[in-house]
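Here's the structure, in structure tokens; my notes come after.
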Amino acid sequence: DAGVIQSPRHEVTEMGQEVTLRCKPISGHNSLFWYRQTMMRGLELLIYFNNNVPIDDSGMPEDRFSAKMPNASFSTLKIQPSEPRDSAVYFCASTSQGYSNQPQHFGDGTRLSIL
Amino acid sequence: AQSVTQLGSHVSVSEGALVLLRCNYSSSVPPYLFWYVQYPNQGLQLLLKYTTGATLVKGINGFEAEFKKSETSFHLTKPSAHMSDAAEYFCAVSDPYNNNDMRFGAGTRLTVKP
């Protein structure tokens, strides 16, 4: 079975550039989560969607960050303009909303380095 | 609101020794509890979960955890550590009425010495 697929796996770009991270959730899952992981702050929830609708974006650090889910099989997290402090590993996870005994399934992450 | 506290950001054991990773939770409703493992350059993978029923839960790779309501704990154990167990481990608590509300602990890095 295909798990959560994230692309790219690694991204290195210069400060000020636009960065787009992509996620394909597990087929049939209707909740999708974006997390950021750093040594200093650990795993932080940025935003999550239910049925393609953003439900809670209170974790998005600032207006430079935006996320979309145009359909059930695709989501993007965009940073514009990027800054060195955005360097982190970004994870996407999905689950079946409404089935609370189900865990979240994580992708392998995108390691983002902003120079 | 729910929360999880993992005691000890780093744990080191010798190969063959007992592994004990501690997790305490806070929840206003009966919680659902999870342990995840993260290997280098990978995402989090589910080790085991407790929802209802038997309080001793067995997971993959020989790990198990026991839900103790009186102690608000869900500690992870393995009788004999293997080198391949070296990873970061995360405890998480979920609201049984809303699985979108999952809170993760800060993680415990397990080192296994030969």
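Please note that chains go A, B, ... in the order of the structure tokens, that every chain numbers its residues from 1, and that ligands are numbered from 1 in the order shown.
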* Show me which bits of chain A are within 12 Å of chain B, counting only C-alpha atoms, as a PyMOL selection string. => chain A and resi 3-6+9-10+30-45+47-50+54-56+89-111
* Please run DSSP on the backbone and report, as an MDAnalysis selection string, all residues within chain B that come out as strand (DSSP E or B). => chainID B and resid 3:7 10:14 19:26 32:38 44:50 56:58 64:68 73:78 87:95 98:104 108:113
* Asked: Quick one: residues within 9 Å of Leu56 (chain B), only C-alpha atoms counted, chain neighbours fewer than 6 positions away excluded, as a list of chain:residue names?
  ->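 These residues fall inside the cut-off: B:Tyr50, B:Glu64, B:Ala65, B:Glu66, B:Phe67.
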Dump N, CA, C and O atoms for the selected residues as a short mmCIF file (atom, residue, chain, number, x, y, z; two decimals), in the first residue's frame?
```cif
data_model
loop_
_atom_site.label_atom_id
_atom_site.label_comp_id
_atom_site.auth_asym_id
_atom_site.auth_seq_id
_atom_site.Cartn_x
_atom_site.Cartn_y
_atom_site.Cartn_z
N TYR B 50 -3.11 2.45 22.27
CA TYR B 50 -4.13 2.03 23.23
C TYR B 50 -5.39 2.86 22.97
O TYR B 50 -5.33 4.09 22.95
N GLU B 64 6.18 -2.98 24.00
CA GLU B 64 4.86 -2.98 24.60
C GLU B 64 4.73 -1.78 25.52
O GLU B 64 5.72 -1.18 25.93
N ALA B 65 3.49 -1.43 25.83
CA ALA B 65 3.22 -0.30 26.72
C ALA B 65 2.00 -0.64 27.55
O ALA B 65 1.11 -1.36 27.11
N GLU B 66 1.97 -0.10 28.75
CA GLU B 66 0.85 -0.35 29.64
C GLU B 66 0.18 0.95 30.02
O GLU B 66 0.84 1.89 30.50
N PHE B 67 -1.13 1.00 29.81
CA PHE B 67 -1.92 2.15 30.20
C PHE B 67 -2.27 2.02 31.68
O PHE B 67 -2.90 1.04 32.09
#
```
* To do: For region 76-84 of chain A, work out the shell of residues within 10 Å, counting only C-alpha atoms and skipping chain neighbours fewer than 3 positions away, then give it as a PyMOL selection string.
  => chain A and resi 6-7+13-24+34+46-47+62-70+87-88+90+92+112-115
Writing out the chosen residues with N, CA, C and O atoms as a compact mmCIF listing (two decimals), in the first residue's frame:
```
# COMPACT_ATOMS: atom_id res chain seq x y z
N GLN A 6 5.60 12.58 -0.01
CA GLN A 6 6.00 13.98 0.02
C GLN A 6 7.09 14.23 -1.01
O GLN A 6 7.95 13.39 -1.25
N SER A 7 7.04 15.43 -1.58
CA SER A 7 8.11 15.82 -2.50
C SER A 7 8.35 17.32 -2.39
O SER A 7 7.43 18.07 -2.04
N THR A 13 17.56 26.21 -1.01
CA THR A 13 17.30 27.40 -1.79
C THR A 13 17.80 28.63 -1.05
O THR A 13 18.14 28.56 0.14
N GLU A 14 17.85 29.71 -1.75
CA GLU A 14 18.36 30.94 -1.15
C GLU A 14 17.24 31.74 -0.51
O GLU A 14 16.08 31.70 -0.97
N MET A 15 17.61 32.45 0.49
CA MET A 15 16.68 33.32 1.19
C MET A 15 15.94 34.22 0.20
O MET A 15 16.54 34.75 -0.74
N GLY A 16 14.64 34.37 0.43
CA GLY A 16 13.83 35.22 -0.43
C GLY A 16 13.10 34.47 -1.53
O GLY A 16 12.14 35.00 -2.11
N GLN A 17 13.54 33.25 -1.80
CA GLN A 17 12.89 32.47 -2.85
C GLN A 17 11.59 31.85 -2.34
O GLN A 17 11.40 31.62 -1.13
N GLU A 18 10.71 31.54 -3.27
CA GLU A 18 9.47 30.84 -2.93
C GLU A 18 9.75 29.35 -2.88
O GLU A 18 10.47 28.80 -3.72
N VAL A 19 9.18 28.69 -1.87
CA VAL A 19 9.35 27.25 -1.69
C VAL A 19 7.97 26.61 -1.68
O VAL A 19 7.06 27.11 -0.99
N THR A 20 7.81 25.52 -2.41
CA THR A 20 6.54 24.79 -2.41
C THR A 20 6.80 23.33 -2.07
O THR A 20 7.57 22.66 -2.76
N LEU A 21 6.16 22.88 -1.01
CA LEU A 21 6.26 21.49 -0.59
C LEU A 21 4.95 20.79 -0.94
O LEU A 21 3.87 21.38 -0.81
N ARG A 22 5.06 19.52 -1.35
CA ARG A 22 3.90 18.81 -1.85
C ARG A 22 3.64 17.55 -1.04
O ARG A 22 4.56 16.92 -0.52
N CYS A 23 2.36 17.18 -0.99
CA CYS A 23 1.97 16.00 -0.23
C CYS A 23 0.80 15.30 -0.90
O CYS A 23 -0.19 15.93 -1.29
N LYS A 24 0.92 13.98 -0.99
CA LYS A 24 -0.19 13.15 -1.45
C LYS A 24 -0.57 12.25 -0.29
O LYS A 24 0.21 11.38 0.12
N TRP A 34 -0.03 19.21 8.33
CA TRP A 34 1.33 19.65 8.06
C TRP A 34 2.03 19.95 9.39
O TRP A 34 1.50 20.70 10.21
N LEU A 46 1.33 22.72 12.09
CA LEU A 46 1.16 24.00 11.41
C LEU A 46 -0.31 24.23 11.03
O LEU A 46 -0.87 25.29 11.30
N ILE A 47 -0.92 23.23 10.39
CA ILE A 47 -2.27 23.38 9.89
C ILE A 47 -2.84 22.00 9.63
O ILE A 47 -2.08 21.06 9.38
N GLU A 62 3.55 32.57 10.34
CA GLU A 62 3.30 33.94 9.90
C GLU A 62 2.73 33.91 8.48
O GLU A 62 2.59 32.85 7.87
N ASP A 63 2.42 35.09 7.99
CA ASP A 63 1.74 35.19 6.70
C ASP A 63 2.58 34.69 5.53
O ASP A 63 2.04 34.48 4.44
N ARG A 64 3.84 34.51 5.75
CA ARG A 64 4.68 34.01 4.65
C ARG A 64 4.34 32.54 4.33
O ARG A 64 4.70 32.04 3.27
N PHE A 65 3.66 31.88 5.26
CA PHE A 65 3.29 30.49 5.09
C PHE A 65 1.84 30.39 4.63
O PHE A 65 0.96 31.06 5.19
N SER A 66 1.59 29.54 3.64
CA SER A 66 0.22 29.28 3.22
C SER A 66 0.11 27.82 2.81
O SER A 66 1.09 27.21 2.37
N ALA A 67 -1.08 27.26 2.96
CA ALA A 67 -1.31 25.86 2.59
C ALA A 67 -2.63 25.75 1.86
O ALA A 67 -3.58 26.48 2.17
N LYS A 68 -2.65 24.83 0.91
CA LYS A 68 -3.87 24.59 0.15
C LYS A 68 -4.09 23.10 -0.01
O LYS A 68 -3.15 22.30 0.05
N MET A 69 -5.34 22.75 -0.22
CA MET A 69 -5.68 21.36 -0.52
C MET A 69 -6.77 21.40 -1.59
O MET A 69 -7.97 21.38 -1.27
N PRO A 70 -6.39 21.48 -2.84
CA PRO A 70 -7.36 21.64 -3.92
C PRO A 70 -8.23 20.42 -4.15
O PRO A 70 -9.34 20.55 -4.69
N SER A 87 14.32 26.89 7.91
CA SER A 87 15.01 25.61 7.70
C SER A 87 14.53 24.61 8.75
O SER A 87 14.57 24.87 9.96
N ALA A 88 14.08 23.47 8.28
CA ALA A 88 13.48 22.45 9.16
C ALA A 88 13.13 21.24 8.30
O ALA A 88 13.30 21.25 7.09
N TYR A 90 9.83 19.26 7.20
CA TYR A 90 8.38 19.44 7.14
C TYR A 90 7.74 18.09 6.83
O TYR A 90 8.08 17.43 5.85
N CYS A 92 4.14 15.78 6.34
CA CYS A 92 2.72 15.70 6.06
C CYS A 92 2.21 14.38 6.66
O CYS A 92 2.94 13.36 6.64
N LEU A 112 14.22 20.98 4.43
CA LEU A 112 14.34 22.30 3.79
C LEU A 112 15.49 23.07 4.39
O LEU A 112 15.56 23.22 5.61
N SER A 113 16.37 23.54 3.54
CA SER A 113 17.49 24.39 3.97
C SER A 113 17.42 25.69 3.22
O SER A 113 17.46 25.71 1.98
N ILE A 114 17.33 26.78 3.97
CA ILE A 114 17.29 28.12 3.37
C ILE A 114 18.63 28.80 3.67
O ILE A 114 18.99 28.99 4.84
N LEU A 115 19.35 29.13 2.63
CA LEU A 115 20.69 29.71 2.79
C LEU A 115 20.67 31.23 2.90
O LEU A 115 19.74 31.87 2.37
```
Compile the contact shell of region 9-15 of chain B as a PDB file with N, CA, C and O atoms, in the first residue's frame: residues with an atom at most 9 Å away, counting only C-alpha atoms, same-chain residues fewer than 3 positions apart removed.
```pdb
ATOM      1  N   GLN B   6       7.092  13.586  28.132  1.00  0.00           N
ATOM      2  CA  GLN B   6       8.028  12.477  28.069  1.00  0.00           C
ATOM      3  C   GLN B   6       9.210  12.802  28.971  1.00  0.00           C
ATOM      4  O   GLN B   6       9.856  13.845  28.809  1.00  0.00           O
ATOM      5  N   LEU B  18      17.119  -3.785  29.383  1.00  0.00           N
ATOM      6  CA  LEU B  18      15.728  -3.349  29.344  1.00  0.00           C
ATOM      7  C   LEU B  18      15.644  -1.917  28.839  1.00  0.00           C
ATOM      8  O   LEU B  18      16.423  -1.046  29.237  1.00  0.00           O
ATOM      9  N   VAL B  19      14.654  -1.685  27.973  1.00  0.00           N
ATOM     10  CA  VAL B  19      14.356  -0.327  27.524  1.00  0.00           C
ATOM     11  C   VAL B  19      13.100   0.145  28.243  1.00  0.00           C
ATOM     12  O   VAL B  19      12.085  -0.569  28.265  1.00  0.00           O
ATOM     13  N   LEU B  20      13.174   1.328  28.841  1.00  0.00           N
ATOM     14  CA  LEU B  20      12.012   1.939  29.487  1.00  0.00           C
ATOM     15  C   LEU B  20      11.979   3.404  29.101  1.00  0.00           C
ATOM     16  O   LEU B  20      12.865   4.171  29.468  1.00  0.00           O
ATOM     17  N   LEU B  21      10.953   3.786  28.353  1.00  0.00           N
ATOM     18  CA  LEU B  21      10.754   5.178  27.960  1.00  0.00           C
ATOM     19  C   LEU B  21       9.458   5.649  28.607  1.00  0.00           C
ATOM     20  O   LEU B  21       8.416   5.025  28.436  1.00  0.00           O
ATOM     21  N   SER B  80      14.659  -6.473  25.901  1.00  0.00           N
ATOM     22  CA  SER B  80      16.061  -6.596  25.500  1.00  0.00           C
ATOM     23  C   SER B  80      16.335  -5.686  24.303  1.00  0.00           C
ATOM     24  O   SER B  80      15.801  -5.925  23.208  1.00  0.00           O
ATOM     25  N   ALA B  81      17.147  -4.671  24.514  1.00  0.00           N
ATOM     26  CA  ALA B  81      17.410  -3.697  23.458  1.00  0.00           C
ATOM     27  C   ALA B  81      18.291  -4.285  22.366  1.00  0.00           C
ATOM     28  O   ALA B  81      19.219  -5.064  22.632  1.00  0.00           O
ATOM     29  N   HIS B  82      17.999  -3.855  21.154  1.00  0.00           N
ATOM     30  CA  HIS B  82      18.804  -4.234  20.002  1.00  0.00           C
ATOM     31  C   HIS B  82      19.362  -2.968  19.391  1.00  0.00           C
ATOM     32  O   HIS B  82      18.755  -1.897  19.509  1.00  0.00           O
ATOM     33  N   MET B  83      20.497  -3.100  18.737  1.00  0.00           N
ATOM     34  CA  MET B  83      21.124  -1.923  18.124  1.00  0.00           C
ATOM     35  C   MET B  83      20.158  -1.201  17.197  1.00  0.00           C
ATOM     36  O   MET B  83      20.166   0.030  17.099  1.00  0.00           O
ATOM     37  N   GLU B  88      14.369   7.902  17.645  1.00  0.00           N
ATOM     38  CA  GLU B  88      13.636   8.819  18.514  1.00  0.00           C
ATOM     39  C   GLU B  88      12.217   8.308  18.667  1.00  0.00           C
ATOM     40  O   GLU B  88      11.604   7.845  17.694  1.00  0.00           O
ATOM     41  N   ALA B 106       7.667  15.673  23.398  1.00  0.00           N
ATOM     42  CA  ALA B 106       8.874  16.274  22.834  1.00  0.00           C
ATOM     43  C   ALA B 106       9.836  15.240  22.262  1.00  0.00           C
ATOM     44  O   ALA B 106      10.799  15.600  21.583  1.00  0.00           O
ATOM     45  N   GLY B 107       9.581  13.970  22.565  1.00  0.00           N
ATOM     46  CA  GLY B 107      10.432  12.920  22.021  1.00  0.00           C
ATOM     47  C   GLY B 107      11.533  12.501  22.981  1.00  0.00           C
ATOM     48  O   GLY B 107      12.009  13.297  23.796  1.00  0.00           O
ATOM     49  N   THR B 108      11.919  11.228  22.883  1.00  0.00           N
ATOM     50  CA  THR B 108      13.047  10.683  23.643  1.00  0.00           C
ATOM     51  C   THR B 108      13.969   9.978  22.662  1.00  0.00           C
ATOM     52  O   THR B 108      13.526   9.091  21.928  1.00  0.00           O
ATOM     53  N   ARG B 109      15.227  10.403  22.667  1.00  0.00           N
ATOM     54  CA  ARG B 109      16.203   9.772  21.776  1.00  0.00           C
ATOM     55  C   ARG B 109      16.828   8.594  22.494  1.00  0.00           C
ATOM     56  O   ARG B 109      17.422   8.760  23.578  1.00  0.00           O
ATOM     57  N   LEU B 110      16.677   7.416  21.927  1.00  0.00           N
ATOM     58  CA  LEU B 110      17.225   6.197  22.511  1.00  0.00           C
ATOM     59  C   LEU B 110      18.539   5.843  21.822  1.00  0.00           C
ATOM     60  O   LEU B 110      18.592   5.716  20.599  1.00  0.00           O
ATOM     61  N   THR B 111      19.572   5.699  22.622  1.00  0.00           N
ATOM     62  CA  THR B 111      20.866   5.242  22.138  1.00  0.00           C
ATOM     63  C   THR B 111      21.114   3.844  22.698  1.00  0.00           C
ATOM     64  O   THR B 111      20.865   3.585  23.881  1.00  0.00           O
ATOM     65  N   VAL B 112      21.603   2.944  21.849  1.00  0.00           N
ATOM     66  CA  VAL B 112      21.904   1.584  22.289  1.00  0.00           C
ATOM     67  C   VAL B 112      23.403   1.344  22.131  1.00  0.00           C
ATOM     68  O   VAL B 112      23.943   1.425  21.020  1.00  0.00           O
ATOM     69  N   LYS B 113      24.062   1.053  23.228  1.00  0.00           N
ATOM     70  CA  LYS B 113      25.517   0.843  23.219  1.00  0.00           C
ATOM     71  C   LYS B 113      25.828  -0.638  23.036  1.00  0.00           C
ATOM     72  O   LYS B 113      25.164  -1.487  23.613  1.00  0.00           O
ATOM     73  N   PRO B 114      26.852  -0.916  22.235  1.00  0.00           N
ATOM     74  CA  PRO B 114      27.197  -2.333  22.031  1.00  0.00           C
ATOM     75  C   PRO B 114      27.797  -2.960  23.284  1.00  0.00           C
ATOM     76  O   PRO B 114      28.281  -2.284  24.179  1.00  0.00           O
TER      77      PRO B 114
END
```
* **Atomic distance CA of Tyr25 (chain B) - CA of Thr5 (chain B), expressed in Å with one decimal** =>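 CA of Thr5 (chain B) lies 6.2 Å from CA of Tyr25 (chain B).
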